[in-house]
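*Asks:* What follows is the file structure-v3.txt, containing compact mmCIF, C-alpha atoms:
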# COMPACT_ATOMS: atom_id res chain seq x y z
CA MET A 372 -16.76 5.38 -17.73
CA THR A 373 -16.17 4.54 -14.10
CA GLN A 374 -18.24 1.35 -14.29
CA ALA A 375 -16.20 0.14 -17.26
CA ILE A 376 -12.89 0.24 -15.34
CA PRO A 377 -13.32 -3.10 -13.53
CA GLN A 378 -14.61 -4.71 -16.71
CA LYS A 379 -11.56 -3.56 -18.70
CA ILE A 380 -9.22 -4.91 -16.02
CA GLN A 381 -11.07 -8.23 -15.97
CA GLU A 382 -11.00 -8.52 -19.77
CA THR A 383 -7.31 -7.64 -20.02
CA PHE A 384 -6.10 -9.63 -16.98
CA PRO A 385 -8.67 -12.42 -16.47
CA SER A 386 -6.31 -14.68 -14.53
CA GLU A 387 -5.28 -11.85 -12.18
CA PHE A 388 -8.72 -10.40 -11.53
CA ILE A 389 -10.36 -11.48 -8.24
CA GLU A 390 -13.31 -9.14 -7.65
CA ALA A 391 -14.66 -5.63 -7.96
CA ASN A 392 -16.83 -3.63 -5.58
CA GLU A 393 -18.49 -0.26 -5.98
CA PHE A 394 -19.26 2.10 -3.12
CA ARG A 395 -20.72 5.56 -3.68
CA GLY A 396 -19.50 5.70 -7.24
CA ASP A 397 -15.91 4.63 -6.53
CA TRP A 398 -14.59 1.23 -7.58
CA THR A 399 -12.28 -1.09 -5.71
CA VAL A 400 -10.68 -3.83 -7.79
CA VAL A 401 -8.87 -6.74 -6.14
CA VAL A 402 -6.17 -8.46 -8.17
CA LYS A 403 -3.48 -11.07 -7.61
CA PRO A 404 -0.07 -9.55 -6.87
CA ASP A 405 2.02 -11.37 -9.49
CA ARG A 406 1.54 -8.90 -12.34
CA ILE A 407 0.91 -5.70 -10.40
CA VAL A 408 3.35 -3.66 -12.50
CA GLU A 409 1.74 -4.77 -15.77
CA ILE A 410 -1.71 -3.95 -14.40
CA ALA A 411 -0.48 -0.55 -13.18
CA ARG A 412 1.10 0.23 -16.55
CA PHE A 413 -2.13 -0.77 -18.31
CA LEU A 414 -4.18 1.50 -16.04
CA ARG A 415 -1.85 4.41 -16.74
CA ASP A 416 -1.37 3.90 -20.48
CA ASP A 417 -4.84 2.86 -21.65
CA PRO A 418 -6.33 6.02 -23.21
CA ALA A 419 -9.80 5.31 -21.83
CA LEU A 420 -8.52 4.88 -18.28
CA GLY A 421 -5.59 7.29 -18.03
CA MET A 422 -4.76 6.70 -14.37
CA ASP A 423 -2.03 9.33 -14.38
CA GLN A 424 -1.69 9.84 -10.62
CA LEU A 425 -0.84 7.47 -7.79
CA SER A 426 -2.00 9.47 -4.78
CA ASP A 427 -1.41 6.89 -2.06
CA VAL A 428 -0.10 3.44 -1.24
CA PHE A 429 -1.04 1.95 2.09
CA SER A 430 -1.51 -1.42 3.68
CA ALA A 431 -3.70 -3.25 6.14
CA ASP A 432 -2.91 -6.15 8.44
CA TYR A 433 -5.46 -8.97 8.86
CA PRO A 434 -3.75 -11.65 11.00
CA GLY A 435 -6.58 -14.19 10.61
CA ARG A 436 -6.42 -14.32 6.81
CA ALA A 437 -4.26 -16.58 4.63
CA LYS A 438 -3.23 -13.43 2.75
CA ARG A 439 -2.52 -11.48 5.90
CA PHE A 440 -1.58 -8.15 4.30
CA GLU A 441 -3.37 -5.99 1.76
CA VAL A 442 -1.49 -3.44 -0.29
CA VAL A 443 -3.81 -0.71 -1.54
CA TYR A 444 -3.09 1.72 -4.38
CA GLN A 445 -5.26 4.83 -4.67
CA LEU A 446 -5.26 5.90 -8.33
CA ASN A 447 -6.67 8.99 -10.01
CA SER A 448 -7.18 10.13 -13.55
CA ILE A 449 -6.88 13.87 -13.54
CA ARG A 450 -7.87 14.16 -17.21
CA LYS A 451 -10.82 11.73 -17.04
CA GLN A 452 -11.82 12.74 -13.49
CA HIS A 453 -12.28 9.27 -12.08
CA ARG A 454 -10.51 7.23 -9.46
CA LEU A 455 -9.86 3.64 -8.54
CA ARG A 456 -8.70 1.75 -5.49
CA LEU A 457 -6.55 -1.23 -6.53
CA LYS A 458 -5.95 -3.90 -3.87
CA THR A 459 -3.87 -7.02 -3.67
CA GLY A 460 -3.26 -9.53 -0.91
CA LEU A 461 0.08 -10.84 0.35
CA CYS A 462 1.04 -13.77 2.52
CA GLU A 463 3.21 -13.21 5.57
CA GLU A 464 6.13 -15.06 3.98
CA PRO A 465 7.41 -13.88 1.60
CA CYS A 466 5.92 -10.49 2.33
CA GLU A 467 6.94 -8.76 -0.88
CA ILE A 468 5.54 -7.38 -4.11
CA ASP A 469 7.00 -5.66 -7.16
CA SER A 470 7.39 -1.90 -6.91
CA VAL A 471 5.18 0.30 -9.10
CA TYR A 472 7.88 2.98 -9.01
CA PRO A 473 8.68 2.42 -12.72
CA VAL A 474 5.06 3.36 -13.52
CA TRP A 475 4.47 6.18 -11.03
CA ARG A 476 7.45 7.97 -9.45
CA SER A 477 5.25 9.05 -6.55
CA ALA A 478 5.47 5.44 -5.32
CA GLY A 479 9.02 6.16 -4.12
CA PHE A 480 8.20 7.62 -0.71
CA LEU A 481 4.82 5.88 -0.41
CA GLU A 482 6.28 2.38 -0.74
CA ARG A 483 9.08 3.28 1.68
CA GLU A 484 6.46 4.26 4.25
CA VAL A 485 4.66 0.91 3.87
CA TYR A 486 7.98 -0.92 4.13
CA ASP A 487 9.02 1.03 7.21
CA LEU A 488 5.79 0.71 9.17
CA MET A 489 4.47 -2.68 7.95
CA GLY A 490 7.53 -4.55 6.71
CA ILE A 491 6.25 -5.22 3.19
CA ARG A 492 9.19 -5.34 0.80
CA PHE A 493 8.90 -3.82 -2.68
CA ARG A 494 11.09 -5.65 -5.18
CA ASN A 495 13.06 -3.45 -7.58
CA HIS A 496 12.42 -0.28 -5.57
CA PRO A 497 15.39 2.03 -6.22
CA ASP A 498 15.82 3.15 -2.59
CA LEU A 499 13.97 0.82 -0.22
CA ARG A 500 14.98 1.85 3.28
CA ARG A 501 13.23 3.18 6.34
CA ILE A 502 11.74 6.64 5.96
CA PHE A 503 10.39 7.47 9.46
CA LEU A 504 12.19 5.17 11.88
CA PRO A 505 15.93 4.69 12.41
CA GLU A 506 17.55 1.84 10.47
CA ASP A 507 18.25 -0.08 13.68
CA PHE A 508 14.62 0.07 14.85
CA ASP A 509 13.34 -3.39 15.74
CA GLY A 510 10.06 -4.36 14.06
CA HIS A 511 7.30 -2.66 12.14
CA PRO A 512 4.94 -0.74 14.44
CA LEU A 513 1.74 -0.87 12.36
CA ARG A 514 1.61 -4.67 12.37
CA LYS A 515 -1.05 -6.05 14.68
CA GLU A 516 1.43 -8.11 16.71
CA TYR A 517 3.48 -5.04 17.60
CA PRO A 518 2.86 -4.20 21.30
CA THR A 519 0.59 -1.20 21.76
CA GLU A 520 2.83 0.11 24.53
CA GLY A 521 5.98 -0.28 22.45
CA LYS A 522 8.80 -2.55 23.51
CA GLY A 523 9.70 -0.84 26.77
CA TRP A 524 12.32 1.56 25.45
CA ARG A 525 10.12 4.61 26.02
CA ASN A 526 10.54 4.23 29.77
CA THR A 527 14.26 4.93 29.38
CA PHE A 528 13.80 8.46 28.01
CA GLU A 529 14.76 10.92 30.73
CA PHE A 530 12.97 13.87 29.19
CA LEU A 531 9.50 12.29 29.44
CA PRO A 532 7.47 13.27 32.50
CA THR A 533 7.08 10.44 35.01
CA GLU A 534 4.23 11.82 37.07
CA GLU A 535 0.57 12.06 36.13
CA PRO A 536 -0.60 15.33 34.58
CA ARG A 537 -2.33 17.73 36.98
CA THR A 538 -6.01 18.28 36.52
What is this file in structure tokens?
*Replies:*
Amino acid sequence: MTQAIPQKIQETFPSEFIEANEFRGDWTVVVKPDRIVEIARFLRDDPALGMDQLSDVFSADYPGRAKRFEVVYQLNSIRKQHRLRLKTGLCEEPCEIDSVYPVWRSAGFLEREVYDLMGIRFRNHPDLRRIFLPEDFDGHPLRKEYPTEGKGWRNTFEFLPTEEPRT
């Protein structure tokens, strides 16, 4: 059945389908972001697919690409015992996509994490706010342009040791 998953997506959403790749028995399907909720609902509700679990949502930053960001959904079918990685690309502006929270409630915290650390906004998310960092934190630290040493504020913490560790 696993090989039929990309084919079913391509047949049902031909204008949204971009490509499919298989690696070690697992499929990755790349789609356009415009109808991500419809695609997600199809993957969950189709009896042959039955993707009943969203186990992760994460993102990647590729500054050299026209679609700089990828949003990746890791889906599982517990009943059918297969999985799928669903990817979509986003431009830097506007850096937003519809939330899949109406399809899988587990997207609640997962999308908040992507928003907090990468700055990707999820439209129609019921509680889109930072989850790890304070609300007044400046920037999104997993973006490639974020300085690897932070923005200098760490040097102001008095409780951090200032001398080199002893060897």
*Asks:* Identify, on the basis of all atoms listed in the file, every residue whose closest approach to segment 433-438 of chain A does not exceed 7 Å; exclude the query and any residue fewer than 3 positions from it along the same chain; express the result as a PyMOL selection string.
*Replies:* chain A and resi 460-462
*Asks:* From the list A:Leu513, A:Leu457, A:Leu488, A:Leu420, which residue is nearest Glu390 of chain A when using only C-alpha atoms?
*Replies:* A:Leu457
*Asks:* I'd like the interatomic distance between atom CA of Trp398 of chain A and atom CA of Arg456 of chain A, to a tenth of an Å.
*Replies:*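 Interatomic distance, atom CA of Trp398 of chain A to atom CA of Arg456 of chain A: 6.3 Å.
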*Asks:* What's the separation between atom CA of Ser448 of chain A and atom CA of Gly396 of chain A, in Å to one decimal place?
*Replies:*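 It comes out at 14.5 Å.
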*Asks:* Within 7 Å of (-9.1, -14.8, -6.5) in the file's own coordinates, which protein, DNA or RNA residues have an atom, counting only C-alpha atoms? List them as a list in words.
*Replies:*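 The residues near that point, listed by chain and number, are Phe388, Ile389 and Lys403 of chain A.
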*Asks:* Could you check the closest approach to Asp417 of chain A for each of A:Ala391, A:Ile380, A:Val485, A:Val442 and tell me which residue wins, using all atoms listed in the file?
*Replies:*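 When distances to Asp417 of chain A are compared using all atoms listed in the file, the smallest one comes from A:Ile380.
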*Asks:* Pick out the closest residue to Pro473 of chain A from this set: A:Arg439, A:Arg395, A:His496, A:Arg406. Count only C-alpha atoms.
*Replies:*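 Smallest distance to Pro473 of chain A is found for A:His496.
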*Asks:* Restricting the calculation to only C-alpha atoms, which member of A:Ser477, A:Asp432, A:Glu393, A:Arg500 is positioned closest to Lys515 of chain A?
*Replies:*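 Looking only at the distances to Lys515 of chain A, the closest residue turns out to be A:Asp432.
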*Asks:* What is the atom CA of Asn392 of chain A-atom CA of Glu482 of chain A distance in Å, reported with one decimal?
*Replies:*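 A separation of 24.4 Å between them.
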*Asks:* Output segment 372-432 of chain A from the block with C-alpha atoms, as a PDB file, in the first residue's frame?
*Replies:*
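File selection_3.pdb, as written:
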ATOM      1  CA  MET A 372       0.000   0.000   0.000  1.00  0.00           C
ATOM      2  CA  THR A 373       2.828   2.366   0.777  1.00  0.00           C
ATOM      3  CA  GLN A 374       3.727   2.815  -2.897  1.00  0.00           C
ATOM      4  CA  ALA A 375       0.143   3.752  -3.716  1.00  0.00           C
ATOM      5  CA  ILE A 376       0.102   6.728  -1.312  1.00  0.00           C
ATOM      6  CA  PRO A 377       1.895   9.195  -3.622  1.00  0.00           C
ATOM      7  CA  GLN A 378      -0.177   8.019  -6.566  1.00  0.00           C
ATOM      8  CA  LYS A 379      -3.453   8.601  -4.688  1.00  0.00           C
ATOM      9  CA  ILE A 380      -2.334  12.104  -3.697  1.00  0.00           C
ATOM     10  CA  GLN A 381      -1.332  12.874  -7.283  1.00  0.00           C
ATOM     11  CA  GLU A 382      -4.636  11.573  -8.659  1.00  0.00           C
ATOM     12  CA  THR A 383      -6.738  13.463  -6.119  1.00  0.00           C
ATOM     13  CA  PHE A 384      -4.726  16.721  -6.110  1.00  0.00           C
ATOM     14  CA  PRO A 385      -2.967  16.870  -9.508  1.00  0.00           C
ATOM     15  CA  SER A 386      -2.495  20.634  -9.461  1.00  0.00           C
ATOM     16  CA  GLU A 387      -1.006  20.568  -5.943  1.00  0.00           C
ATOM     17  CA  PHE A 388       1.304  17.590  -6.391  1.00  0.00           C
ATOM     18  CA  ILE A 389       4.967  18.447  -7.078  1.00  0.00           C
ATOM     19  CA  GLU A 390       6.970  15.249  -6.572  1.00  0.00           C
ATOM     20  CA  ALA A 391       7.380  12.056  -4.584  1.00  0.00           C
ATOM     21  CA  ASN A 392      10.526  10.317  -3.389  1.00  0.00           C
ATOM     22  CA  GLU A 393      11.009   6.968  -1.705  1.00  0.00           C
ATOM     23  CA  PHE A 394      13.855   6.152   0.660  1.00  0.00           C
ATOM     24  CA  ARG A 395      14.102   2.829   2.469  1.00  0.00           C
ATOM     25  CA  GLY A 396      10.418   2.149   2.103  1.00  0.00           C
ATOM     26  CA  ASP A 397       9.203   5.532   3.347  1.00  0.00           C
ATOM     27  CA  TRP A 398       7.642   8.084   1.015  1.00  0.00           C
ATOM     28  CA  THR A 399       8.082  11.835   0.960  1.00  0.00           C
ATOM     29  CA  VAL A 400       5.491  13.750  -1.027  1.00  0.00           C
ATOM     30  CA  VAL A 401       6.003  17.425  -1.873  1.00  0.00           C
ATOM     31  CA  VAL A 402       2.881  19.506  -2.471  1.00  0.00           C
ATOM     32  CA  LYS A 403       2.002  23.155  -2.956  1.00  0.00           C
ATOM     33  CA  PRO A 404       0.892  24.866   0.260  1.00  0.00           C
ATOM     34  CA  ASP A 405      -2.415  26.351  -0.916  1.00  0.00           C
ATOM     35  CA  ARG A 406      -4.631  23.366  -0.096  1.00  0.00           C
ATOM     36  CA  ILE A 407      -2.655  21.770   2.717  1.00  0.00           C
ATOM     37  CA  VAL A 408      -5.713  21.358   4.962  1.00  0.00           C
ATOM     38  CA  GLU A 409      -7.699  19.618   2.215  1.00  0.00           C
ATOM     39  CA  ILE A 410      -4.767  17.308   1.499  1.00  0.00           C
ATOM     40  CA  ALA A 411      -4.361  16.571   5.217  1.00  0.00           C
ATOM     41  CA  ARG A 412      -8.067  15.813   5.603  1.00  0.00           C
ATOM     42  CA  PHE A 413      -7.935  13.506   2.576  1.00  0.00           C
ATOM     43  CA  LEU A 414      -4.943  11.638   4.009  1.00  0.00           C
ATOM     44  CA  ARG A 415      -6.743  11.184   7.322  1.00  0.00           C
ATOM     45  CA  ASP A 416     -10.206  10.314   5.992  1.00  0.00           C
ATOM     46  CA  ASP A 417      -9.435   8.102   2.993  1.00  0.00           C
ATOM     47  CA  PRO A 418     -10.034   4.535   4.235  1.00  0.00           C
ATOM     48  CA  ALA A 419      -7.075   3.144   2.291  1.00  0.00           C
ATOM     49  CA  LEU A 420      -4.667   5.714   3.731  1.00  0.00           C
ATOM     50  CA  GLY A 421      -5.955   6.352   7.252  1.00  0.00           C
ATOM     51  CA  MET A 422      -3.228   8.756   8.365  1.00  0.00           C
ATOM     52  CA  ASP A 423      -4.639   9.016  11.875  1.00  0.00           C
ATOM     53  CA  GLN A 424      -1.576  10.449  13.626  1.00  0.00           C
ATOM     54  CA  LEU A 425       0.436  13.609  13.076  1.00  0.00           C
ATOM     55  CA  SER A 426       3.602  12.815  14.999  1.00  0.00           C
ATOM     56  CA  ASP A 427       5.657  15.878  14.108  1.00  0.00           C
ATOM     57  CA  VAL A 428       5.700  19.204  12.315  1.00  0.00           C
ATOM     58  CA  PHE A 429       9.052  20.807  11.685  1.00  0.00           C
ATOM     59  CA  SER A 430      10.674  23.178   9.258  1.00  0.00           C
ATOM     60  CA  ALA A 431      13.917  23.779   7.436  1.00  0.00           C
ATOM     61  CA  ASP A 432      15.505  27.011   6.260  1.00  0.00           C
TER      62      ASP A 432
END
